[in-house]
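Next comes protein-v7.pdb, a file with PDB, C-alpha atoms, pLDDT in the B column.
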ATOM      1  CA  MET A1401      -1.882 -49.987 -21.549  1.00 47.00           C
ATOM      2  CA  ALA A1402      -2.054 -51.672 -24.934  1.00 47.00           C
ATOM      3  CA  ALA A1403       0.372 -50.533 -27.595  1.00 46.00           C
ATOM      4  CA  PRO A1404      -0.663 -48.249 -30.435  1.00 44.00           C
ATOM      5  CA  ALA A1405      -0.781 -49.919 -33.811  1.00 40.00           C
ATOM      6  CA  THR A1406       2.621 -48.630 -34.953  1.00 46.00           C
ATOM      7  CA  ASP A1407       6.072 -50.045 -35.602  1.00 56.00           C
ATOM      8  CA  ALA A1408       7.839 -50.944 -32.318  1.00 72.00           C
ATOM      9  CA  GLY A1409      11.253 -51.077 -33.969  1.00 79.00           C
ATOM     10  CA  GLU A1410      12.977 -48.666 -31.554  1.00 86.00           C
ATOM     11  CA  PHE A1411      11.733 -50.483 -28.455  1.00 91.00           C
ATOM     12  CA  GLU A1412      12.337 -53.893 -29.995  1.00 91.00           C
ATOM     13  CA  SER A1413      15.958 -52.985 -30.664  1.00 91.00           C
ATOM     14  CA  TRP A1414      16.436 -51.963 -27.011  1.00 94.00           C
ATOM     15  CA  LEU A1415      14.683 -55.163 -25.797  1.00 93.00           C
ATOM     16  CA  ASN A1416      16.898 -57.407 -27.916  1.00 93.00           C
ATOM     17  CA  ASN A1417      20.036 -55.737 -26.536  1.00 93.00           C
ATOM     18  CA  ARG A1418      18.711 -56.142 -22.977  1.00 92.00           C
ATOM     19  CA  LEU A1419      17.966 -59.840 -23.530  1.00 93.00           C
ATOM     20  CA  ASP A1420      21.463 -60.341 -24.958  1.00 93.00           C
ATOM     21  CA  SER A1421      22.947 -58.764 -21.796  1.00 92.00           C
ATOM     22  CA  LEU A1422      20.889 -61.242 -19.692  1.00 90.00           C
ATOM     23  CA  GLU A1423      21.920 -64.130 -21.960  1.00 90.00           C
ATOM     24  CA  VAL A1424      18.302 -64.819 -22.918  1.00 90.00           C
ATOM     25  CA  ASP A1425      17.675 -65.984 -26.505  1.00 90.00           C
ATOM     26  CA  ARG A1426      16.262 -62.935 -28.301  1.00 90.00           C
ATOM     27  CA  GLU A1427      15.073 -64.998 -31.270  1.00 90.00           C
ATOM     28  CA  VAL A1428      12.823 -67.116 -29.071  1.00 86.00           C
ATOM     29  CA  TYR A1429      11.724 -64.727 -26.298  1.00 92.00           C
ATOM     30  CA  GLY A1430      11.998 -61.250 -27.876  1.00 90.00           C
ATOM     31  CA  ALA A1431       8.848 -61.556 -29.991  1.00 89.00           C
ATOM     32  CA  TYR A1432       7.087 -63.416 -27.138  1.00 90.00           C
ATOM     33  CA  ILE A1433       7.749 -60.563 -24.649  1.00 93.00           C
ATOM     34  CA  LEU A1434       6.724 -57.951 -27.240  1.00 90.00           C
ATOM     35  CA  GLY A1435       3.452 -59.819 -27.797  1.00 91.00           C
ATOM     36  CA  VAL A1436       2.737 -59.817 -24.033  1.00 91.00           C
ATOM     37  CA  LEU A1437       3.360 -56.074 -23.808  1.00 91.00           C
ATOM     38  CA  GLN A1438       1.046 -55.383 -26.744  1.00 88.00           C
ATOM     39  CA  GLU A1439      -1.790 -57.678 -25.622  1.00 85.00           C
ATOM     40  CA  GLU A1440      -1.997 -57.223 -21.828  1.00 78.00           C
ATOM     41  CA  GLU A1441      -3.899 -54.145 -20.622  1.00 79.00           C
ATOM     42  CA  SER A1442      -2.598 -53.450 -17.079  1.00 87.00           C
ATOM     43  CA  ASP A1443       0.990 -53.199 -15.827  1.00 88.00           C
ATOM     44  CA  ASP A1444       0.314 -55.921 -13.240  1.00 90.00           C
ATOM     45  CA  GLU A1445      -0.792 -58.331 -15.958  1.00 91.00           C
ATOM     46  CA  LYS A1446       2.285 -57.489 -17.982  1.00 90.00           C
ATOM     47  CA  LYS A1447       4.546 -57.977 -14.978  1.00 89.00           C
ATOM     48  CA  ASP A1448       3.057 -61.371 -14.082  1.00 91.00           C
ATOM     49  CA  ALA A1449       3.399 -62.596 -17.672  1.00 92.00           C
ATOM     50  CA  LEU A1450       7.005 -61.354 -17.969  1.00 92.00           C
ATOM     51  CA  GLN A1451       8.032 -62.925 -14.671  1.00 89.00           C
ATOM     52  CA  GLY A1452       6.608 -66.230 -15.913  1.00 90.00           C
ATOM     53  CA  ILE A1453       8.839 -65.970 -18.998  1.00 91.00           C
ATOM     54  CA  LEU A1454      12.078 -64.735 -17.411  1.00 91.00           C
ATOM     55  CA  ALA A1455      11.935 -66.657 -14.094  1.00 91.00           C
ATOM     56  CA  ALA A1456      13.650 -69.618 -15.768  1.00 89.00           C
ATOM     57  CA  PHE A1457      16.740 -67.480 -16.507  1.00 90.00           C
ATOM     58  CA  LEU A1458      16.943 -64.994 -13.608  1.00 89.00           C
ATOM     59  CA  ASP A1459      16.789 -65.128  -9.820  1.00 88.00           C
ATOM     60  CA  GLU A1460      13.764 -63.738  -7.976  1.00 84.00           C
ATOM     61  CA  ASP A1461      15.198 -60.267  -7.166  1.00 81.00           C
ATOM     62  CA  THR A1462      16.666 -59.739 -10.620  1.00 90.00           C
ATOM     63  CA  VAL A1463      13.604 -60.881 -12.543  1.00 92.00           C
ATOM     64  CA  GLU A1464      11.371 -58.340 -10.784  1.00 91.00           C
ATOM     65  CA  ASP A1465      13.776 -55.460 -11.519  1.00 93.00           C
ATOM     66  CA  VAL A1466      14.145 -56.505 -15.160  1.00 93.00           C
ATOM     67  CA  CYS A1467      10.363 -56.813 -15.635  1.00 93.00           C
ATOM     68  CA  THR A1468       9.829 -53.370 -14.084  1.00 94.00           C
ATOM     69  CA  GLN A1469      12.522 -51.898 -16.382  1.00 94.00           C
ATOM     70  CA  ILE A1470      10.978 -53.489 -19.485  1.00 94.00           C
ATOM     71  CA  ILE A1471       7.501 -52.220 -18.583  1.00 94.00           C
ATOM     72  CA  GLN A1472       8.804 -48.693 -17.913  1.00 94.00           C
ATOM     73  CA  ARG A1473      10.673 -48.622 -21.216  1.00 93.00           C
ATOM     74  CA  TRP A1474       7.566 -49.871 -22.979  1.00 94.00           C
ATOM     75  CA  ALA A1475       5.418 -47.154 -21.382  1.00 92.00           C
ATOM     76  CA  GLU A1476       7.926 -44.457 -22.401  1.00 92.00           C
ATOM     77  CA  TRP A1477       7.998 -45.711 -25.961  1.00 93.00           C
ATOM     78  CA  CYS A1478       4.187 -45.863 -26.119  1.00 90.00           C
ATOM     79  CA  SER A1479       3.985 -42.275 -24.834  1.00 89.00           C
ATOM     80  CA  ARG A1480       6.416 -40.979 -27.474  1.00 88.00           C
ATOM     81  CA  SER A1481       4.702 -42.962 -30.210  1.00 84.00           C
ATOM     82  CA  SER A1482       1.298 -41.635 -29.152  1.00 81.00           C
ATOM     83  CA  ALA A1483       2.610 -38.050 -29.201  1.00 74.00           C
ATOM     84  CA  LYS A1484       3.950 -38.568 -32.720  1.00 71.00           C
ATOM     85  CA  ASN A1485       0.602 -39.970 -33.798  1.00 62.00           C
ATOM     86  CA  ASP A1486      -1.186 -36.984 -32.230  1.00 54.00           C
ATOM     87  CA  ILE A1487       1.056 -34.579 -34.167  1.00 55.00           C
ATOM     88  CA  ALA A1488       0.370 -36.506 -37.359  1.00 49.00           C
ATOM     89  CA  ASP A1489      -3.376 -36.377 -36.626  1.00 52.00           C
ATOM     90  CA  VAL A1490      -3.179 -32.608 -36.058  1.00 51.00           C
ATOM     91  CA  GLU A1491      -1.349 -32.158 -39.365  1.00 55.00           C
ATOM     92  CA  VAL A1492      -3.909 -34.310 -41.173  1.00 52.00           C
ATOM     93  CA  GLN A1493      -6.756 -32.336 -39.587  1.00 60.00           C
ATOM     94  CA  ALA A1494      -5.096 -29.041 -40.550  1.00 53.00           C
ATOM     95  CA  ILE A1495      -4.736 -30.201 -44.156  1.00 58.00           C
ATOM     96  CA  ALA A1496      -8.331 -31.449 -44.192  1.00 55.00           C
ATOM     97  CA  SER A1497      -9.530 -28.120 -42.778  1.00 61.00           C
ATOM     98  CA  MET A1498      -7.573 -26.187 -45.403  1.00 65.00           C
ATOM     99  CA  ILE A1499      -9.016 -28.353 -48.199  1.00 65.00           C
ATOM    100  CA  GLU A1500     -12.521 -27.841 -46.790  1.00 72.00           C
ATOM    101  CA  LYS A1501     -12.059 -24.050 -46.690  1.00 66.00           C
ATOM    102  CA  GLN A1502     -10.787 -24.056 -50.266  1.00 73.00           C
ATOM    103  CA  ALA A1503     -13.817 -26.089 -51.316  1.00 69.00           C
ATOM    104  CA  GLN A1504     -16.123 -23.614 -49.550  1.00 73.00           C
ATOM    105  CA  ILE A1505     -14.444 -20.705 -51.350  1.00 72.00           C
ATOM    106  CA  VAL A1506     -14.926 -22.456 -54.699  1.00 63.00           C
ATOM    107  CA  VAL A1507     -18.593 -23.128 -53.879  1.00 61.00           C
ATOM    108  CA  LYS A1508     -19.134 -19.496 -52.846  1.00 67.00           C
ATOM    109  CA  GLN A1509     -17.455 -18.268 -56.020  1.00 68.00           C
ATOM    110  CA  LYS A1510     -19.682 -20.576 -58.029  1.00 68.00           C
ATOM    111  CA  GLU A1511     -22.766 -19.302 -56.180  1.00 70.00           C
ATOM    112  CA  VAL A1512     -21.744 -15.685 -56.847  1.00 66.00           C
ATOM    113  CA  SER A1513     -21.139 -16.541 -60.501  1.00 76.00           C
ATOM    114  CA  GLU A1514     -24.572 -18.170 -60.762  1.00 80.00           C
ATOM    115  CA  GLU A1515     -26.208 -15.162 -59.068  1.00 80.00           C
ATOM    116  CA  SER A1516     -24.422 -12.768 -61.419  1.00 76.00           C
ATOM    117  CA  LYS A1517     -25.498 -14.870 -64.386  1.00 79.00           C
ATOM    118  CA  LYS A1518     -29.126 -14.760 -63.225  1.00 82.00           C
ATOM    119  CA  ARG A1519     -28.965 -10.973 -62.831  1.00 80.00           C
ATOM    120  CA  LYS A1520     -27.621 -10.608 -66.352  1.00 74.00           C
ATOM    121  CA  GLU A1521     -30.323 -12.897 -67.737  1.00 82.00           C
ATOM    122  CA  ALA A1522     -33.005 -10.939 -65.882  1.00 79.00           C
ATOM    123  CA  LEU A1523     -31.622  -7.662 -67.226  1.00 70.00           C
ATOM    124  CA  LEU A1524     -31.594  -8.960 -70.796  1.00 71.00           C
ATOM    125  CA  ALA A1525     -35.137 -10.244 -70.398  1.00 72.00           C
ATOM    126  CA  GLN A1526     -36.184  -6.874 -69.028  1.00 67.00           C
ATOM    127  CA  TYR A1527     -34.811  -5.049 -72.070  1.00 57.00           C
ATOM    128  CA  ALA A1528     -36.322  -7.639 -74.414  1.00 56.00           C
ATOM    129  CA  ASN A1529     -39.840  -7.270 -72.964  1.00 56.00           C
ATOM    130  CA  VAL A1530     -40.059  -3.531 -72.353  1.00 47.00           C
ATOM    131  CA  THR A1531     -43.385  -1.748 -73.035  1.00 46.00           C
ATOM    132  CA  ASP A1532     -44.391   1.830 -73.736  1.00 49.00           C
ATOM    133  CA  ASP A1533     -44.955   2.758 -70.132  1.00 54.00           C
ATOM    134  CA  GLU A1534     -43.268   5.045 -67.661  1.00 57.00           C
ATOM    135  CA  GLU A1535     -40.678   2.448 -66.727  1.00 59.00           C
ATOM    136  CA  TYR A1536     -39.754   1.979 -70.376  1.00 54.00           C
ATOM    137  CA  LEU A1537     -39.284   5.724 -70.803  1.00 58.00           C
ATOM    138  CA  HIS A1538     -37.060   5.829 -67.730  1.00 67.00           C
ATOM    139  CA  GLU A1539     -34.954   2.938 -69.015  1.00 65.00           C
ATOM    140  CA  ARG A1540     -34.783   4.556 -72.414  1.00 64.00           C
ATOM    141  CA  LYS A1541     -33.419   7.725 -70.829  1.00 72.00           C
ATOM    142  CA  SER A1542     -30.829   5.637 -69.011  1.00 74.00           C
ATOM    143  CA  ILE A1543     -29.823   3.934 -72.238  1.00 69.00           C
ATOM    144  CA  THR A1544     -29.637   7.315 -74.011  1.00 67.00           C
ATOM    145  CA  ALA A1545     -27.469   8.659 -71.213  1.00 75.00           C
ATOM    146  CA  SER A1546     -25.196   5.608 -71.505  1.00 68.00           C
ATOM    147  CA  ILE A1547     -24.902   6.103 -75.255  1.00 58.00           C
ATOM    148  CA  SER A1548     -24.127   9.817 -74.767  1.00 64.00           C
ATOM    149  CA  ALA A1549     -21.453   8.925 -72.225  1.00 67.00           C
ATOM    150  CA  LEU A1550     -20.051   6.433 -74.701  1.00 65.00           C
ATOM    151  CA  PHE A1551     -19.831   9.111 -77.410  1.00 57.00           C
ATOM    152  CA  LYS A1552     -18.229  11.490 -74.922  1.00 62.00           C
ATOM    153  CA  ASN A1553     -15.658   8.863 -74.033  1.00 65.00           C
ATOM    154  CA  THR A1554     -15.109   8.270 -77.744  1.00 67.00           C
ATOM    155  CA  ASN A1555     -14.590  12.015 -78.327  1.00 69.00           C
ATOM    156  CA  VAL A1556     -12.116  12.159 -75.452  1.00 62.00           C
ATOM    157  CA  GLU A1557     -10.270   9.213 -76.941  1.00 74.00           C
ATOM    158  CA  GLU A1558     -10.157  10.941 -80.339  1.00 78.00           C
ATOM    159  CA  VAL A1559      -8.761  14.106 -78.754  1.00 63.00           C
ATOM    160  CA  LEU A1560      -6.113  12.116 -76.935  1.00 80.00           C
ATOM    161  CA  ASN A1561      -5.211  10.292 -80.154  1.00 84.00           C
ATOM    162  CA  ARG A1562      -4.886  13.593 -82.028  1.00 84.00           C
ATOM    163  CA  GLN A1563      -2.670  14.997 -79.290  1.00 84.00           C
ATOM    164  CA  LYS A1564      -0.556  11.879 -79.421  1.00 87.00           C
ATOM    165  CA  GLN A1565      -0.258  12.158 -83.215  1.00 90.00           C
ATOM    166  CA  LYS A1566       0.738  15.819 -82.859  1.00 87.00           C
ATOM    167  CA  ARG A1567       3.465  14.914 -80.348  1.00 89.00           C
ATOM    168  CA  GLU A1568       4.743  12.158 -82.595  1.00 90.00           C
ATOM    169  CA  GLN A1569       4.700  14.485 -85.627  1.00 92.00           C
ATOM    170  CA  ALA A1570       6.547  17.183 -83.678  1.00 82.00           C
ATOM    171  CA  LYS A1571       9.103  14.616 -82.587  1.00 85.00           C
ATOM    172  CA  GLU A1572       9.544  13.441 -86.175  1.00 89.00           C
ATOM    173  CA  ASP A1573       9.848  17.038 -87.463  1.00 85.00           C
ATOM    174  CA  SER A1574      12.440  17.779 -84.791  1.00 74.00           C
ATOM    175  CA  ALA A1575      14.465  14.715 -85.807  1.00 82.00           C
ATOM    176  CA  LYS A1576      14.322  15.756 -89.476  1.00 86.00           C
ATOM    177  CA  LYS A1577      15.410  19.301 -88.598  1.00 76.00           C
ATOM    178  CA  LYS A1578      18.358  17.977 -86.580  1.00 77.00           C
ATOM    179  CA  GLU A1579      19.389  15.802 -89.520  1.00 83.00           C
ATOM    180  CA  MET A1580      19.127  18.718 -91.954  1.00 80.00           C
ATOM    181  CA  ASP A1581      21.095  20.981 -89.591  1.00 65.00           C
ATOM    182  CA  LYS A1582      23.769  18.315 -89.358  1.00 79.00           C
ATOM    183  CA  MET A1583      23.965  18.011 -93.142  1.00 84.00           C
ATOM    184  CA  GLN A1584      24.172  21.816 -93.474  1.00 80.00           C
ATOM    185  CA  ARG A1585      27.008  21.948 -90.957  1.00 77.00           C
ATOM    186  CA  GLU A1586      28.871  19.324 -92.959  1.00 80.00           C
ATOM    187  CA  LYS A1587      28.345  21.304 -96.164  1.00 81.00           C
ATOM    188  CA  ASP A1588      29.509  24.499 -94.461  1.00 72.00           C
ATOM    189  CA  LYS A1589      32.570  22.678 -93.144  1.00 78.00           C
ATOM    190  CA  LEU A1590      33.441  21.328 -96.617  1.00 87.00           C
ATOM    191  CA  ALA A1591      32.901  24.730 -98.185  1.00 78.00           C
ATOM    192  CA  LYS A1592      35.168  26.359 -95.616  1.00 78.00           C
ATOM    193  CA  GLN A1593      37.888  23.755 -96.243  1.00 85.00           C
ATOM    194  CA  ASP A1594      37.495  24.302 -99.987  1.00 85.00           C
ATOM    195  CA  ARG A1595      37.956  28.077 -99.572  1.00 85.00           C
ATOM    196  CA  LYS A1596      41.052  27.486 -97.475  1.00 82.00           C
ATOM    197  CA  GLU A1597      42.505  25.221-100.165  1.00 86.00           C
ATOM    198  CA  LYS A1598      41.827  27.761-102.889  1.00 86.00           C
ATOM    199  CA  GLU A1599      43.326  30.562-100.796  1.00 84.00           C
ATOM    200  CA  LYS A1600      46.398  28.458-100.148  1.00 84.00           C
ATOM    201  CA  LYS A1601      46.836  27.724-103.840  1.00 83.00           C
ATOM    202  CA  ARG A1602      46.553  31.408-104.761  1.00 82.00           C
ATOM    203  CA  THR A1603      49.138  32.305-102.134  1.00 83.00           C
ATOM    204  CA  GLN A1604      51.551  29.674-103.430  1.00 80.00           C
ATOM    205  CA  LYS A1605      51.022  30.828-107.051  1.00 75.00           C
ATOM    206  CA  GLY A1606      51.764  34.465-106.110  1.00 74.00           C
ATOM    207  CA  GLU A1607      55.000  33.479-104.360  1.00 73.00           C
ATOM    208  CA  ARG A1608      56.231  31.592-107.433  1.00 71.00           C
ATOM    209  CA  ARG A1609      55.606  34.635-109.641  1.00 68.00           C
ATOM    210  CA  ARG A1610      57.911  36.732-107.453  1.00 62.00           C
TER
END
Produce structure tokens that represent the structure in this file.
Amino acid sequence: MAAPATDAGEFESWLNNRLDSLEVDREVYGAYILGVLQEEESDDEKKDALQGILAAFLDEDTVEDVCTQIIQRWAEWCSRSSAKNDIADVEVQAIASMIEKQAQIVVKQKEVSEESKKRKEALLAQYANVTDDEEYLHERKSITASISALFKNTNVEEVLNRQKQKREQAKEDSAKKKEMDKMQREKDKLAKQDRKEKEKKRTQKGERRR
């Protein structure tokens, strides 16, 4: 299985550590082994190529185990990488689908707007080209009815405005009355105090005369 065209950094890091543990020069053979894994299609082809590289450093039993381990690790990494790519593809497709639906909604709205515009134009043309026939009389009645309804609505609005003005006037009159009542209470209070003062003075004057 060839590798997907993605960064092999995670696998490459593991491979370099494995080569260090086998005392194989990672700088020379790491990239070489990675290239074999990416280019060869079948596991057998990969295994043959890896054994040819590592046979100079390892004995026969060890080299086969190491090659099998490298190929297995490579397959696991490819599987995970492919799954990540699939998820990314699904997300991209979902976004593309959402954008497409939005575009369709905009197109439909535009179509509805165009249709509405055409209806309005047709209606205006109809009123502009009316003749003295039965249809014209019917339309005229409709227009008259619309105008009557408009006047009725206007009358209702006038009534509501008058009622509102009455409520506001009543509220204003009530506020004025409260203010006047307050002022009268203050005057009554001052007058009462004044009478008390005068009564007190008369009492004091009478006591002095005795």
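With all atoms listed in the file as the atoms that count, the minimum distance from Ser1413 (chain A) to the choices A:Arg1608, A:Arg1567, A:Arg1426, A:Lys1517 is reached by A:Arg1426.
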(request) Expand the PyMOL selection byres ((chain A and resi 1471) around 8) into the individual residues it matches in the shown file, reporting them as a PyMOL selection string. (result) chain A and resi 1437+1443+1446-1447+1467-1470+1472-1475
(message) What would the selection look like, as number ranges by chain, if the PyMOL selection byres ((chain A and resi 1457) around 12) were run on the coordinates I just shared?
(response) A: 1419, 1421-1425, 1429, 1450-1456, 1458-1463, 1466
(message) Could you tell me how far CA of Val1428 (chain A) sits from CA of Ala1449 (chain A), in Å to one decimal place?
(response)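 About the pair CA of Ala1449 (chain A) and CA of Val1428 (chain A): they are 15.5 Å apart.
CA of Asn1416 (chain A) to CA of Ala1483 (chain A) spans 24.1 Å [interatomic distance, one decimal].
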(message) Between CA of Cys1478 (chain A) and CA of Gly1409 (chain A), what distance in Å does the model show, to one decimal?
(response)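 Computing it gives 11.8 Å between the two atoms.
When all atoms listed in the file are used to compute distances to Tyr1432 (chain A), the closest of the residues A:Gln1504, A:Glu1412, A:Lys1598, A:Ser1482 turns out to be A:Glu1412.
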(request) Using all atoms listed in the file, find the one residue out of A:Glu1439, A:Glu1579, A:Glu1410, A:Glu1572 that sits nearest to Glu1476 (chain A). (result)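 The shortest atom-to-atom distance to Glu1476 (chain A) comes from A:Glu1410.
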Output region 1458-1468 of chain A as a PDB file, keeping the file's coordinate frame, making sure all heavy atoms are there.
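The new file part_0.pdb reads:
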ATOM      1  N   LEU A1458      16.468 -65.973 -14.582  1.00 89.00           N
ATOM      2  CA  LEU A1458      16.943 -64.994 -13.608  1.00 89.00           C
ATOM      3  C   LEU A1458      16.474 -65.366 -12.208  1.00 89.00           C
ATOM      4  O   LEU A1458      15.461 -66.049 -12.031  1.00 89.00           O
ATOM      5  CB  LEU A1458      16.407 -63.604 -13.965  1.00 89.00           C
ATOM      6  CG  LEU A1458      16.684 -63.118 -15.409  1.00 89.00           C
ATOM      7  CD1 LEU A1458      15.922 -61.829 -15.671  1.00 89.00           C
ATOM      8  CD2 LEU A1458      18.175 -62.930 -15.643  1.00 89.00           C
ATOM      9  N   ASP A1459      17.230 -64.887 -11.197  1.00 88.00           N
ATOM     10  CA  ASP A1459      16.789 -65.128  -9.820  1.00 88.00           C
ATOM     11  C   ASP A1459      15.615 -64.201  -9.483  1.00 88.00           C
ATOM     12  O   ASP A1459      15.286 -63.279 -10.224  1.00 88.00           O
ATOM     13  CB  ASP A1459      17.949 -64.933  -8.841  1.00 88.00           C
ATOM     14  CG  ASP A1459      18.557 -63.541  -8.925  1.00 88.00           C
ATOM     15  OD1 ASP A1459      17.803 -62.555  -8.771  1.00 88.00           O
ATOM     16  OD2 ASP A1459      19.783 -63.424  -9.167  1.00 88.00           O
ATOM     17  N   GLU A1460      15.012 -64.405  -8.341  1.00 84.00           N
ATOM     18  CA  GLU A1460      13.764 -63.738  -7.976  1.00 84.00           C
ATOM     19  C   GLU A1460      13.916 -62.213  -7.920  1.00 84.00           C
ATOM     20  O   GLU A1460      13.064 -61.483  -8.415  1.00 84.00           O
ATOM     21  CB  GLU A1460      13.270 -64.265  -6.626  1.00 84.00           C
ATOM     22  CG  GLU A1460      11.901 -63.743  -6.231  1.00 84.00           C
ATOM     23  CD  GLU A1460      11.398 -64.384  -4.959  1.00 84.00           C
ATOM     24  OE1 GLU A1460      11.974 -65.398  -4.521  1.00 84.00           O
ATOM     25  OE2 GLU A1460      10.428 -63.847  -4.382  1.00 84.00           O
ATOM     26  N   ASP A1461      15.000 -61.720  -7.274  1.00 81.00           N
ATOM     27  CA  ASP A1461      15.198 -60.267  -7.166  1.00 81.00           C
ATOM     28  C   ASP A1461      15.460 -59.633  -8.529  1.00 81.00           C
ATOM     29  O   ASP A1461      14.918 -58.572  -8.865  1.00 81.00           O
ATOM     30  CB  ASP A1461      16.360 -59.965  -6.220  1.00 81.00           C
ATOM     31  CG  ASP A1461      16.041 -60.367  -4.779  1.00 81.00           C
ATOM     32  OD1 ASP A1461      14.835 -60.404  -4.446  1.00 81.00           O
ATOM     33  OD2 ASP A1461      16.989 -60.645  -4.016  1.00 81.00           O
ATOM     34  N   THR A1462      16.297 -60.295  -9.308  1.00 90.00           N
ATOM     35  CA  THR A1462      16.666 -59.739 -10.620  1.00 90.00           C
ATOM     36  C   THR A1462      15.496 -59.732 -11.580  1.00 90.00           C
ATOM     37  O   THR A1462      15.285 -58.754 -12.316  1.00 90.00           O
ATOM     38  CB  THR A1462      17.827 -60.554 -11.228  1.00 90.00           C
ATOM     39  OG1 THR A1462      18.925 -60.585 -10.323  1.00 90.00           O
ATOM     40  CG2 THR A1462      18.271 -59.939 -12.552  1.00 90.00           C
ATOM     41  N   VAL A1463      14.707 -60.784 -11.586  1.00 92.00           N
ATOM     42  CA  VAL A1463      13.604 -60.881 -12.543  1.00 92.00           C
ATOM     43  C   VAL A1463      12.583 -59.769 -12.319  1.00 92.00           C
ATOM     44  O   VAL A1463      12.034 -59.199 -13.257  1.00 92.00           O
ATOM     45  CB  VAL A1463      12.920 -62.270 -12.475  1.00 92.00           C
ATOM     46  CG1 VAL A1463      12.106 -62.428 -11.205  1.00 92.00           C
ATOM     47  CG2 VAL A1463      12.032 -62.478 -13.693  1.00 92.00           C
ATOM     48  N   GLU A1464      12.344 -59.400 -11.058  1.00 91.00           N
ATOM     49  CA  GLU A1464      11.371 -58.340 -10.784  1.00 91.00           C
ATOM     50  C   GLU A1464      11.886 -56.983 -11.285  1.00 91.00           C
ATOM     51  O   GLU A1464      11.134 -56.194 -11.873  1.00 91.00           O
ATOM     52  CB  GLU A1464      11.083 -58.272  -9.285  1.00 91.00           C
ATOM     53  CG  GLU A1464       9.972 -57.288  -8.943  1.00 91.00           C
ATOM     54  CD  GLU A1464       9.527 -57.404  -7.490  1.00 91.00           C
ATOM     55  OE1 GLU A1464       9.997 -58.310  -6.785  1.00 91.00           O
ATOM     56  OE2 GLU A1464       8.695 -56.558  -7.080  1.00 91.00           O
ATOM     57  N   ASP A1465      13.184 -56.720 -11.050  1.00 93.00           N
ATOM     58  CA  ASP A1465      13.776 -55.460 -11.519  1.00 93.00           C
ATOM     59  C   ASP A1465      13.759 -55.370 -13.050  1.00 93.00           C
ATOM     60  O   ASP A1465      13.441 -54.320 -13.627  1.00 93.00           O
ATOM     61  CB  ASP A1465      15.213 -55.324 -11.016  1.00 93.00           C
ATOM     62  CG  ASP A1465      15.266 -55.129  -9.504  1.00 93.00           C
ATOM     63  OD1 ASP A1465      14.238 -54.712  -8.924  1.00 93.00           O
ATOM     64  OD2 ASP A1465      16.340 -55.380  -8.924  1.00 93.00           O
ATOM     65  N   VAL A1466      14.106 -56.489 -13.697  1.00 93.00           N
ATOM     66  CA  VAL A1466      14.145 -56.505 -15.160  1.00 93.00           C
ATOM     67  C   VAL A1466      12.744 -56.302 -15.741  1.00 93.00           C
ATOM     68  O   VAL A1466      12.553 -55.537 -16.694  1.00 93.00           O
ATOM     69  CB  VAL A1466      14.760 -57.824 -15.665  1.00 93.00           C
ATOM     70  CG1 VAL A1466      14.579 -57.945 -17.186  1.00 93.00           C
ATOM     71  CG2 VAL A1466      16.232 -57.896 -15.314  1.00 93.00           C
ATOM     72  N   CYS A1467      11.746 -56.967 -15.151  1.00 93.00           N
ATOM     73  CA  CYS A1467      10.363 -56.813 -15.635  1.00 93.00           C
ATOM     74  C   CYS A1467       9.881 -55.366 -15.482  1.00 93.00           C
ATOM     75  O   CYS A1467       9.236 -54.813 -16.373  1.00 93.00           O
ATOM     76  CB  CYS A1467       9.431 -57.757 -14.870  1.00 93.00           C
ATOM     77  SG  CYS A1467       9.704 -59.501 -15.258  1.00 93.00           S
ATOM     78  N   THR A1468      10.215 -54.768 -14.319  1.00 94.00           N
ATOM     79  CA  THR A1468       9.829 -53.370 -14.084  1.00 94.00           C
ATOM     80  C   THR A1468      10.495 -52.445 -15.112  1.00 94.00           C
ATOM     81  O   THR A1468       9.863 -51.526 -15.658  1.00 94.00           O
ATOM     82  CB  THR A1468      10.232 -52.939 -12.670  1.00 94.00           C
ATOM     83  OG1 THR A1468       9.561 -53.778 -11.710  1.00 94.00           O
ATOM     84  CG2 THR A1468       9.850 -51.493 -12.409  1.00 94.00           C
TER      85      THR A1468
END
